[in-house]
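Structure file entry-v6.cif; described as mmCIF, C-alpha atoms and all ligand atoms.
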data_my_file
loop_
_atom_site.group_PDB
_atom_site.id
_atom_site.type_symbol
_atom_site.label_atom_id
_atom_site.label_comp_id
_atom_site.auth_asym_id
_atom_site.auth_seq_id
_atom_site.Cartn_x
_atom_site.Cartn_y
_atom_site.Cartn_z
ATOM 1 C CA MET H 234 -8.680 -40.793 53.642
ATOM 2 C CA ASN H 235 -5.411 -38.951 53.391
ATOM 3 C CA GLY H 236 -5.056 -39.989 49.710
ATOM 4 C CA MET H 237 -8.522 -38.659 48.808
ATOM 5 C CA PHE H 238 -7.707 -35.358 50.490
ATOM 6 C CA LYS H 239 -4.531 -35.104 48.413
ATOM 7 C CA ASN H 240 -6.471 -35.815 45.191
ATOM 8 C CA ARG H 241 -8.946 -33.064 45.977
ATOM 9 C CA ASN H 242 -6.093 -30.634 46.494
ATOM 10 C CA VAL H 243 -4.626 -31.558 43.138
ATOM 11 C CA VAL H 244 -7.979 -30.994 41.424
ATOM 12 C CA ILE H 245 -8.352 -27.592 43.090
ATOM 13 C CA LEU H 246 -4.816 -26.722 42.047
ATOM 14 C CA ILE H 247 -5.506 -27.696 38.436
ATOM 15 C CA ILE H 248 -8.720 -25.651 38.336
ATOM 16 C CA PHE H 249 -6.959 -22.703 39.954
ATOM 17 C CA GLY H 250 -4.077 -23.012 37.479
ATOM 18 C CA PHE H 251 -6.503 -23.076 34.582
ATOM 19 C CA PHE H 252 -8.170 -19.843 35.710
ATOM 20 C CA VAL H 253 -4.860 -18.087 36.272
ATOM 21 C CA HIS H 254 -3.788 -18.994 32.741
ATOM 22 C CA ALA H 255 -7.105 -17.896 31.280
ATOM 23 C CA LEU H 256 -6.786 -14.579 33.108
ATOM 24 C CA ILE H 257 -3.243 -13.996 31.863
ATOM 25 C CA LEU H 258 -4.254 -14.915 28.318
ATOM 26 C CA LYS H 259 -7.183 -12.495 28.473
ATOM 27 C CA ALA H 260 -4.882 -9.728 29.698
ATOM 28 C CA VAL H 261 -2.539 -10.328 26.768
ATOM 29 C CA PHE H 262 -5.434 -10.180 24.309
ATOM 30 C CA ASP H 263 -6.784 -7.017 25.948
ATOM 31 C CA ILE H 264 -3.444 -5.294 25.632
ATOM 32 C CA TYR H 265 -2.230 -6.464 22.239
ATOM 33 C CA PHE H 266 -5.408 -7.434 20.477
ATOM 34 C CA SER H 267 -7.038 -4.032 20.579
ATOM 35 C CA SER H 268 -8.147 -2.189 17.491
ATOM 36 C CA PRO H 269 -5.987 0.745 16.380
ATOM 37 C CA ILE H 270 -9.171 2.470 15.255
ATOM 38 C CA ASP H 271 -10.309 5.139 17.702
ATOM 39 C CA ASN H 272 -13.540 6.895 16.989
ATOM 40 C CA GLY H 273 -14.567 10.493 17.530
ATOM 41 C CA MET H 274 -11.274 12.255 16.844
ATOM 42 C CA THR H 275 -11.007 15.560 14.986
ATOM 43 C CA PRO H 276 -9.164 15.442 11.660
ATOM 44 C CA ILE H 277 -5.844 17.291 11.629
ATOM 45 C CA LYS H 278 -4.737 19.157 8.534
ATOM 46 C CA SER H 279 -1.202 18.234 7.528
ATOM 47 C CA THR H 280 -0.138 21.684 6.310
ATOM 48 C CA ASN H 281 -1.612 24.881 4.915
ATOM 49 C CA ASN H 282 1.269 25.316 2.486
ATOM 50 C CA PRO H 283 1.544 22.041 0.620
ATOM 51 C CA PRO H 284 4.452 21.804 -1.810
ATOM 52 C CA ALA H 285 2.406 19.872 -4.384
ATOM 53 C CA LYS H 286 -1.054 20.315 -5.871
ATOM 54 C CA ARG H 287 -1.544 16.675 -6.733
ATOM 55 C CA LEU H 288 0.000 13.316 -6.073
ATOM 56 C CA VAL H 289 0.576 10.249 -8.193
ATOM 57 C CA PHE H 290 0.991 7.244 -5.901
ATOM 58 C CA ILE H 291 2.115 3.999 -7.503
ATOM 59 C CA VAL H 292 2.148 0.714 -5.580
ATOM 60 C CA ALA H 293 3.876 -2.251 -7.194
ATOM 61 C CA ASP H 294 2.253 -5.123 -5.327
ATOM 62 C CA GLY H 295 4.756 -7.716 -4.091
ATOM 63 C CA LEU H 296 7.882 -5.853 -5.186
ATOM 64 C CA ARG H 297 10.618 -6.461 -2.632
ATOM 65 C CA ALA H 298 13.295 -3.804 -2.096
ATOM 66 C CA ASP H 299 15.871 -6.305 -3.323
ATOM 67 C CA GLY H 300 14.046 -6.427 -6.646
ATOM 68 C CA ILE H 301 15.179 -2.946 -7.726
ATOM 69 C CA PHE H 302 17.841 -1.838 -5.213
ATOM 70 C CA GLY H 303 21.454 -2.916 -4.811
ATOM 71 C CA LYS H 304 22.515 -5.654 -7.183
ATOM 72 C CA SER H 305 19.140 -5.507 -8.935
ATOM 73 C CA GLN H 306 19.167 -1.801 -9.699
ATOM 74 C CA SER H 307 19.782 -2.476 -13.384
ATOM 75 C CA GLU H 308 16.402 -4.274 -13.507
ATOM 76 C CA ALA H 309 14.744 -0.866 -13.108
ATOM 77 C CA PRO H 310 16.947 1.698 -14.868
ATOM 78 C CA ASN H 311 14.367 4.492 -14.844
ATOM 79 C CA LEU H 312 13.542 4.239 -11.152
ATOM 80 C CA THR H 313 17.247 3.937 -10.383
ATOM 81 C CA LYS H 314 17.998 7.078 -12.357
ATOM 82 C CA ILE H 315 15.195 8.955 -10.612
ATOM 83 C CA ARG H 316 16.371 8.047 -7.122
ATOM 84 C CA LYS H 317 20.004 8.772 -7.959
ATOM 85 C CA THR H 318 19.479 12.122 -9.616
ATOM 86 C CA ARG H 319 16.213 13.771 -8.659
ATOM 87 C CA GLY H 320 14.446 11.980 -5.830
ATOM 88 C CA SER H 321 14.589 10.710 -2.320
ATOM 89 C CA TRP H 322 14.559 7.002 -1.532
ATOM 90 C CA GLY H 323 14.919 4.273 1.022
ATOM 91 C CA VAL H 324 13.384 1.098 2.309
ATOM 92 C CA ALA H 325 9.892 1.224 3.815
ATOM 93 C CA HIS H 326 9.727 -1.401 6.546
ATOM 94 C CA THR H 327 6.438 -3.225 6.859
ATOM 95 C CA ARG H 328 5.113 -5.172 9.792
ATOM 96 C CA VAL H 329 3.729 -8.675 9.714
ATOM 97 C CA PRO H 330 1.464 -9.979 8.338
ATOM 98 C CA THR H 331 3.030 -9.039 5.016
ATOM 99 C CA GLU H 332 -0.235 -9.284 3.125
ATOM 100 C CA SER H 333 -1.785 -6.918 0.587
ATOM 101 C CA ARG H 334 -4.579 -5.572 2.770
ATOM 102 C CA PRO H 335 -2.465 -4.677 5.821
ATOM 103 C CA GLY H 336 0.210 -3.261 3.499
ATOM 104 C CA HIS H 337 -2.194 -0.941 1.738
ATOM 105 C CA ILE H 338 -3.839 0.074 5.010
ATOM 106 C CA ALA H 339 -0.406 1.007 6.370
ATOM 107 C CA LEU H 340 0.514 2.925 3.205
ATOM 108 C CA LEU H 341 -2.777 4.769 2.787
ATOM 109 C CA GLY H 342 -4.289 4.735 6.278
ATOM 110 C CA GLY H 343 -1.126 5.075 8.357
ATOM 111 C CA ILE H 344 -2.205 2.305 10.716
ATOM 112 C CA TYR H 345 -1.281 -1.255 11.401
ATOM 113 C CA GLU H 346 -3.940 -3.754 10.538
ATOM 114 C CA ASP H 347 -6.785 -4.194 12.963
ATOM 115 C CA PRO H 348 -5.917 -7.479 14.713
ATOM 116 C CA ALA H 349 -9.580 -8.477 14.495
ATOM 117 C CA ALA H 350 -8.935 -8.984 10.773
ATOM 118 C CA ILE H 351 -7.156 -12.226 11.629
ATOM 119 C CA LEU H 352 -10.616 -13.692 12.150
ATOM 120 C CA LYS H 353 -11.331 -12.911 8.497
ATOM 121 C CA GLY H 354 -8.028 -14.293 7.244
ATOM 122 C CA TRP H 355 -6.615 -10.765 6.752
ATOM 123 C CA LYS H 356 -8.735 -10.521 3.630
ATOM 124 C CA VAL H 357 -11.844 -8.569 4.568
ATOM 125 C CA ASN H 358 -12.131 -5.175 6.160
ATOM 126 C CA PRO H 359 -13.486 -5.710 9.685
ATOM 127 C CA VAL H 360 -13.899 -2.024 10.554
ATOM 128 C CA ASP H 361 -14.000 1.150 8.551
ATOM 129 C CA PHE H 362 -10.766 3.058 8.506
ATOM 130 C CA ASP H 363 -9.822 6.469 7.202
ATOM 131 C CA SER H 364 -7.296 6.862 4.387
ATOM 132 C CA VAL H 365 -5.437 9.341 2.240
ATOM 133 C CA ILE H 366 -7.915 8.435 -0.501
ATOM 134 C CA ASN H 367 -10.784 9.414 1.773
ATOM 135 C CA GLN H 368 -9.166 12.699 2.786
ATOM 136 C CA SER H 369 -8.102 13.737 -0.720
ATOM 137 C CA THR H 370 -10.021 16.451 -2.563
ATOM 138 C CA ASN H 371 -10.682 13.941 -5.340
ATOM 139 C CA ALA H 372 -9.176 10.521 -5.868
ATOM 140 C CA TRP H 373 -8.948 8.300 -8.921
ATOM 141 C CA CYS H 374 -7.761 4.752 -8.301
ATOM 142 C CA TRP H 375 -6.986 1.967 -10.754
ATOM 143 C CA GLY H 376 -5.955 -1.607 -10.051
ATOM 144 C CA GLY H 377 -6.913 -4.982 -8.675
ATOM 145 C CA PRO H 378 -10.507 -5.261 -7.437
ATOM 146 C CA SER H 379 -9.479 -6.717 -4.077
ATOM 147 C CA ILE H 380 -7.392 -3.630 -3.344
ATOM 148 C CA VAL H 381 -9.081 -0.600 -4.862
ATOM 149 C CA ASN H 382 -12.524 -1.649 -3.672
ATOM 150 C CA MET H 383 -11.351 -1.494 -0.057
ATOM 151 C CA PHE H 384 -11.275 2.261 -0.211
ATOM 152 C CA ASN H 385 -14.768 3.546 -0.772
ATOM 153 C CA ARG H 386 -17.157 1.515 1.282
ATOM 154 C CA ASP H 387 -19.332 4.592 1.829
ATOM 155 C CA ASN H 388 -19.617 5.379 -1.901
ATOM 156 C CA LEU H 389 -18.336 8.908 -1.475
ATOM 157 C CA PRO H 390 -18.697 10.943 -4.673
ATOM 158 C CA HIS H 391 -15.128 12.287 -4.667
ATOM 159 C CA ILE H 392 -13.616 8.798 -4.910
ATOM 160 C CA HIS H 393 -13.486 7.059 -8.285
ATOM 161 C CA LEU H 394 -12.450 3.415 -8.377
ATOM 162 C CA TYR H 395 -11.646 1.458 -11.516
ATOM 163 C CA SER H 396 -10.726 -2.208 -11.385
ATOM 164 C CA TYR H 397 -10.640 -5.088 -13.797
ATOM 165 C CA ASP H 398 -12.875 -8.101 -13.505
ATOM 166 C CA PRO H 399 -11.741 -10.477 -10.705
ATOM 167 C CA SER H 400 -11.438 -13.250 -13.303
ATOM 168 C CA MET H 401 -8.627 -11.265 -14.907
ATOM 169 C CA GLU H 402 -6.546 -11.795 -11.770
ATOM 170 C CA ASP H 403 -6.637 -15.538 -12.525
ATOM 171 C CA TYR H 404 -6.056 -15.049 -16.199
ATOM 172 C CA GLY H 405 -3.179 -12.735 -15.279
ATOM 173 C CA LYS H 406 -1.211 -15.677 -13.917
ATOM 174 C CA ASN H 407 -0.252 -16.576 -17.481
ATOM 175 C CA ASP H 408 0.379 -13.023 -18.534
ATOM 176 C CA THR H 409 1.069 -10.973 -15.423
ATOM 177 C CA ILE H 410 2.082 -7.909 -17.388
ATOM 178 C CA SER H 411 -1.451 -7.619 -18.783
ATOM 179 C CA LEU H 412 -2.682 -6.625 -15.303
ATOM 180 C CA ASP H 413 -0.359 -3.632 -15.206
ATOM 181 C CA GLN H 414 -0.917 -2.859 -18.881
ATOM 182 C CA TRP H 415 -4.616 -2.503 -18.053
ATOM 183 C CA VAL H 416 -3.856 0.109 -15.387
ATOM 184 C CA PHE H 417 -1.461 2.107 -17.566
ATOM 185 C CA ASP H 418 -3.928 2.083 -20.477
ATOM 186 C CA GLN H 419 -6.759 3.247 -18.236
ATOM 187 C CA VAL H 420 -4.689 6.084 -16.806
ATOM 188 C CA GLU H 421 -3.614 7.165 -20.261
ATOM 189 C CA ASN H 422 -7.191 7.179 -21.569
ATOM 190 C CA PHE H 423 -8.370 9.021 -18.502
ATOM 191 C CA ILE H 424 -5.747 11.740 -18.880
ATOM 192 C CA GLU H 425 -6.385 12.076 -22.614
ATOM 193 C CA GLN H 426 -10.114 12.502 -21.978
ATOM 194 C CA HIS H 427 -9.587 15.076 -19.258
ATOM 195 C CA LYS H 428 -7.124 17.063 -21.308
ATOM 196 C CA ILE H 429 -9.838 18.212 -23.656
ATOM 197 C CA CYS H 430 -12.755 18.243 -21.273
ATOM 198 C CA ASN H 431 -13.952 21.706 -20.315
ATOM 199 C CA ASP H 432 -16.089 20.984 -17.302
ATOM 200 C CA CYS H 433 -13.647 18.750 -15.479
ATOM 201 C CA LYS H 434 -12.970 21.232 -12.721
ATOM 202 C CA HIS H 435 -12.527 18.448 -10.161
ATOM 203 C CA PHE H 436 -9.658 17.097 -12.200
ATOM 204 C CA ARG H 437 -7.721 20.336 -11.786
ATOM 205 C CA GLN H 438 -8.384 20.935 -8.099
ATOM 206 C CA SER H 439 -5.621 20.959 -5.490
ATOM 207 C CA GLY H 440 -5.289 18.022 -3.135
ATOM 208 C CA ASN H 441 -6.059 15.389 -5.757
ATOM 209 C CA LEU H 442 -4.716 11.860 -5.605
ATOM 210 C CA PHE H 443 -4.099 9.457 -8.472
ATOM 211 C CA PHE H 444 -3.461 5.945 -7.178
ATOM 212 C CA LEU H 445 -2.137 3.162 -9.402
ATOM 213 C CA HIS H 446 -2.171 -0.353 -7.979
ATOM 214 C CA LEU H 447 -0.042 -2.752 -10.046
ATOM 215 C CA LEU H 448 -0.646 -6.425 -9.309
ATOM 216 C CA GLY H 449 1.559 -7.955 -12.016
ATOM 217 C CA ILE H 450 4.800 -8.274 -10.039
ATOM 218 C CA ASP H 451 3.067 -9.986 -7.106
ATOM 219 C CA THR H 452 1.326 -12.400 -9.455
ATOM 220 C CA ALA H 453 4.604 -13.173 -11.235
ATOM 221 C CA GLY H 454 6.342 -13.681 -7.878
ATOM 222 C CA HIS H 455 3.782 -16.259 -6.758
ATOM 223 C CA ALA H 456 3.694 -18.072 -10.064
ATOM 224 C CA TYR H 457 7.376 -17.990 -11.058
ATOM 225 C CA LYS H 458 9.399 -16.820 -7.953
ATOM 226 C CA PRO H 459 11.328 -13.541 -7.682
ATOM 227 C CA GLU H 460 14.479 -14.852 -9.360
ATOM 228 C CA SER H 461 12.512 -15.753 -12.491
ATOM 229 C CA ALA H 462 12.661 -14.005 -15.827
ATOM 230 C CA GLU H 463 8.908 -13.371 -15.495
ATOM 231 C CA TYR H 464 9.203 -11.442 -12.205
ATOM 232 C CA LYS H 465 12.091 -9.430 -13.582
ATOM 233 C CA SER H 466 10.471 -8.670 -16.902
ATOM 234 C CA ASN H 467 7.350 -7.470 -15.086
ATOM 235 C CA ILE H 468 9.577 -5.137 -13.051
ATOM 236 C CA LYS H 469 11.129 -3.916 -16.283
ATOM 237 C CA PHE H 470 7.685 -3.333 -17.754
ATOM 238 C CA VAL H 471 6.608 -1.223 -14.775
ATOM 239 C CA ASP H 472 9.903 0.645 -14.810
ATOM 240 C CA GLU H 473 9.503 1.484 -18.508
ATOM 241 C CA HIS H 474 6.090 2.978 -17.803
ATOM 242 C CA ILE H 475 7.165 5.245 -14.947
ATOM 243 C CA PRO H 476 8.561 7.984 -17.241
ATOM 244 C CA LYS H 477 5.548 7.607 -19.538
ATOM 245 C CA ILE H 478 3.116 8.140 -16.673
ATOM 246 C CA GLU H 479 5.139 11.087 -15.448
ATOM 247 C CA GLU H 480 5.139 12.607 -18.919
ATOM 248 C CA LEU H 481 1.357 12.230 -19.165
ATOM 249 C CA PHE H 482 0.856 14.157 -15.940
ATOM 250 C CA GLU H 483 3.499 16.769 -16.680
ATOM 251 C CA ASN H 484 1.890 17.442 -20.061
ATOM 252 C CA VAL H 485 -1.595 17.906 -18.718
ATOM 253 C CA PHE H 486 -0.377 19.776 -15.608
ATOM 254 C CA PRO H 487 2.680 21.755 -16.714
ATOM 255 C CA ASP H 488 2.858 23.632 -13.392
ATOM 256 C CA LYS H 489 5.670 21.542 -11.839
ATOM 257 C CA SER H 490 3.323 20.874 -8.920
ATOM 258 C CA THR H 491 2.891 17.123 -9.181
ATOM 259 C CA ALA H 492 4.518 14.812 -6.631
ATOM 260 C CA TYR H 493 5.246 11.152 -7.362
ATOM 261 C CA VAL H 494 5.662 8.350 -4.841
ATOM 262 C CA PHE H 495 6.464 4.750 -5.731
ATOM 263 C CA SER H 496 6.340 1.887 -3.221
ATOM 264 C CA ALA H 497 5.088 -1.645 -2.568
ATOM 265 C CA ASP H 498 2.690 -3.191 -0.083
ATOM 266 C CA HIS H 499 5.041 -6.059 0.886
ATOM 267 C CA GLY H 500 7.905 -8.077 -0.552
ATOM 268 C CA MET H 501 8.253 -11.710 -1.561
ATOM 269 C CA THR H 502 10.338 -14.686 -0.413
ATOM 270 C CA ASN H 503 12.653 -16.543 -2.777
ATOM 271 C CA TRP H 504 10.052 -19.281 -2.972
ATOM 272 C CA GLY H 505 7.272 -16.931 -4.045
ATOM 273 C CA SER H 506 5.286 -16.312 -0.873
ATOM 274 C CA HIS H 507 4.606 -13.499 1.582
ATOM 275 C CA GLY H 508 2.852 -13.087 4.905
ATOM 276 C CA ALA H 509 5.705 -13.683 7.339
ATOM 277 C CA GLY H 510 8.488 -11.459 8.644
ATOM 278 C CA SER H 511 11.647 -12.259 6.662
ATOM 279 C CA TYR H 512 13.477 -9.241 5.286
ATOM 280 C CA HIS H 513 12.540 -10.210 1.739
ATOM 281 C CA GLU H 514 8.909 -9.824 2.796
ATOM 282 C CA THR H 515 9.146 -6.746 5.057
ATOM 283 C CA GLU H 516 11.548 -4.578 3.037
ATOM 284 C CA THR H 517 9.821 -2.633 0.288
ATOM 285 C CA PRO H 518 11.181 0.119 -1.940
ATOM 286 C CA LEU H 519 10.155 3.746 -1.468
ATOM 287 C CA ILE H 520 11.042 6.361 -4.077
ATOM 288 C CA ALA H 521 9.638 9.899 -4.106
ATOM 289 C CA TRP H 522 10.253 12.702 -6.566
ATOM 290 C CA GLY H 523 8.664 15.778 -8.075
ATOM 291 C CA ALA H 524 7.063 18.720 -6.275
ATOM 292 C CA GLY H 525 7.998 18.972 -2.614
ATOM 293 C CA ILE H 526 10.622 16.228 -2.615
ATOM 294 C CA LYS H 527 14.145 17.151 -1.589
ATOM 295 C CA ILE H 528 16.813 15.447 -3.635
ATOM 296 C CA ASN H 529 18.718 13.073 -1.400
ATOM 297 C CA GLN H 530 20.899 10.352 -2.849
ATOM 298 C CA LYS H 531 21.520 8.675 0.496
ATOM 299 C CA ARG H 532 19.207 5.844 1.472
ATOM 300 C CA MET H 533 16.701 6.898 4.135
ATOM 301 C CA ASP H 534 14.558 4.161 5.644
ATOM 302 C CA ILE H 535 11.137 4.710 7.152
ATOM 303 C CA ASP H 536 8.339 2.648 8.637
ATOM 304 C CA GLN H 537 5.612 1.803 6.165
ATOM 305 C CA ILE H 538 2.938 3.543 8.256
ATOM 306 C CA ASP H 539 4.844 6.827 7.854
ATOM 307 C CA VAL H 540 4.113 6.850 4.129
ATOM 308 C CA ALA H 541 0.493 7.966 4.734
ATOM 309 C CA PRO H 542 1.419 11.188 6.594
ATOM 310 C CA LEU H 543 4.053 11.878 3.921
ATOM 311 C CA LEU H 544 1.431 11.573 1.175
ATOM 312 C CA SER H 545 -0.958 13.820 3.132
ATOM 313 C CA ALA H 546 1.650 16.516 3.733
ATOM 314 C CA LEU H 547 2.678 16.626 0.074
ATOM 315 C CA ILE H 548 -0.788 17.761 -1.004
ATOM 316 C CA GLY H 549 -1.918 19.458 2.214
ATOM 317 C CA ILE H 550 -4.867 17.245 3.083
ATOM 318 C CA ASN H 551 -5.888 15.978 6.523
ATOM 319 C CA PHE H 552 -3.854 13.149 7.953
ATOM 320 C CA PRO H 553 -5.928 9.961 7.887
ATOM 321 C CA ILE H 554 -7.703 10.173 11.203
ATOM 322 C CA ASN H 555 -6.237 7.017 12.726
ATOM 323 C CA SER H 556 -2.740 7.583 11.366
ATOM 324 C CA LEU H 557 -0.235 6.657 14.073
HETATM 325 ZN ZN ZN G 601 0.142 -7.565 -2.133
HETATM 326 ZN ZN ZN G 602 0.643 -11.872 -3.185
#
In structure tokens, write the structure found in this file.
Amino acid sequence: MNGMFKNRNVVILIIFGFFVHALILKAVFDIYFSSPIDNGMTPIKSTNNPPAKRLVFIVADGLRADGIFGKSQSEAPNLTKIRKTRGSWGVAHTRVPTESRPGHIALLGGIYEDPAAILKGWKVNPVDFDSVINQSTNAWCWGGPSIVNMFNRDNLPHIHLYSYDPSMEDYGKNDTISLDQWVFDQVENFIEQHKICNDCKHFRQSGNLFFLHLLGIDTAGHAYKPESAEYKSNIKFVDEHIPKIEELFENVFPDKSTAYVFSADHGMTNWGSHGAGSYHETETPLIAWGAGIKINQKRMDIDQIDVAPLLSALIGINFPINSL
């Protein structure tokens, strides 16, 4: 009799314990698993006196800060020269997961990834979010389909997205540079066409954004690892094109009112992966120069989500509405 009574108590205790744990777990999820997206807020204009009329934003996917800073600075002589003589630079610190989607959402939306995205493997956009691209007067974006196509789910007419065929991402594994070559060629053609076009008034408006997403370095990092000749030669290729891109814009807009920002969505481990929180994955380079950028040779680090408000303030557009 006594033994049975004891057993019943144990069962009650186990059931009670189970509910207490479930309750605590739910509380944790409620607190930390909430979406950063709030609805119904009024957009806030960054500034009425923007220092730049337009912005060229270049993201080298998978480029870790170590890849072009410190001992590796000779891998990117042009970017090194820019940051040492006429720009401002530092490390932009990402959060985990160090994946492409959350990285780009931090850079362009100013928010950390919606935790609900974990249910979609961090690959698909679970909720709509605002971005610098959305808030720009006009935006032209070139790059990988998985990235650029995240940014105009409402088919807004002021956003123009150009991406290569998804099959090229696979093909690019053998020739990673071809992915970035595609972007640079497209931008060059686009600028050449708009140079001579008379009714391209959108092209010359203030508050415009030109976004270049370069997937080559990430692809080379996965396929050959960051210490490989392939990763480094892709960095060199991008670095060689930075002055060319700048020259294109300066020629078509000789008003000294173009700002340039170069960064990455996440880094890469020595064994060619990303997603976790090692410094190789979370430390990305940030270099800014041109209109509105104070020259500062000393390294200044920021959080990756602070890039979005910086981009907005340079061209005087609204901060992305959910920007933290
Ligand atoms: Zn990426
Ligand atoms: Zn990757």
What residues come out when you apply the PyMOL selection byres (((not hetatm)) within 12 of (chain G and resi 601)) to this file, written as a ChimeraX atom specification? /H:292-297,327,330-338,340,355-356,376-377,379-381,446-455,496-501,505-508,514-515,517
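Minimum atom-to-atom distances from H:Phe249, H:Phe290, H:Tyr395, H:Trp522 to Ser490 (chain H) were compared using only C-alpha atoms, and the lowest value belongs to H:Trp522.
When all atoms listed in the file are used to compute distances to Pro284 (chain H), the closest of the residues H:Leu519, H:Ile392, H:Tyr512, H:Thr491 turns out to be H:Thr491.
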Out of H:Ala309, H:Phe251, H:Ser411, H:Val420, which residue has the shortest atom-to-atom distance to Glu480 (chain H) when counting all atoms listed in the file?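 Of H:Ala309, H:Phe251, H:Ser411, H:Val420, the one nearest Glu480 (chain H), counting all atoms listed in the file, is H:Val420.
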Just the number, please: distance in Å from CA of Cys433 (chain H) to CA of Trp375 (chain H), one decimal.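 These two atoms are separated by 18.7 Å.
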Show me the residues close to (-5.0, 7.9, 5.8) - anything with an atom within 12 Å, counting all atoms listed in the file - and format the list as an NGL selection string. :H and (270 or 276-279 or 337-345 or 361-369 or 384 or 538-546 or 550-557)
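The spacing separating CA of Asn441 (chain H) from CA of Leu288 (chain H) amounts to 6.4 Å.
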Assuming the chain letters and numbering stay as they are in my file, what does the PyMOL selection byres (((chain H and resi 527) around 7) and not hetatm) actually select? List them as a ChimeraX atom specification. /H:320-321,525-526,528-529
Residue IDs satisfying the PyMOL selection byres (((chain H and resi 466) around 10) and not hetatm), as a list in words: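 Selection result, ordered by chain and number: Glu308, Ala309, Thr409, Ile410, Ile450, Ala453, Ser461, Ala462, Glu463, Tyr464, Lys465, Asn467, Ile468, Lys469, Phe470, Val471 and Asp472 of chain H.
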Which polymer residues have any atom within 9 Å of an atom of Val289 (chain H), counting only C-alpha atoms, with same-chain residues fewer than 2 positions away left out, as an MDAnalysis selection string? chainID H and resid 287 291 441:445 479 482 491:495
With distances taken over all atoms listed in the file, which residue among H:Leu389, H:Ala509, H:Val253, H:Ile475 lies nearest ligand ZN 602 (chain G)?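 The closest residue to ligand ZN 602 (chain G) is H:Ala509.
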With all atoms listed in the file as the atoms that count, which of H:Thr502, H:Ser511, H:Gln530, H:Asn382 lies nearest to Arg328 (chain H)?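 Among the listed residues, H:Ser511 lies closest to Arg328 (chain H).
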Could you tell me which of H:Lys406, H:Asp536, H:Ala260, H:Glu421 comes closest to ligand ZN 602 (chain G) if we count only C-alpha atoms and all ligand atoms? H:Lys406
If we draw a sphere of 10 Å around (-11.0, 1.2, -15.0), which residues have at least one atom in it when counting all atoms listed in the file? Please report them as a list in words. Trp373, Cys374, Trp375, Gly376, Gly377, Pro378, His393, Leu394, Tyr395, Ser396, Tyr397, Asp398, Trp415, Val416, Phe417, Asp418, Gln419, Val420, Asn422 and Phe423 of chain H
Would you mind reading off the distance between CA of Asp408 (chain H) and CA of Leu481 (chain H), one decimal, in Å?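 That distance, rounded to one decimal, is 25.3 Å.
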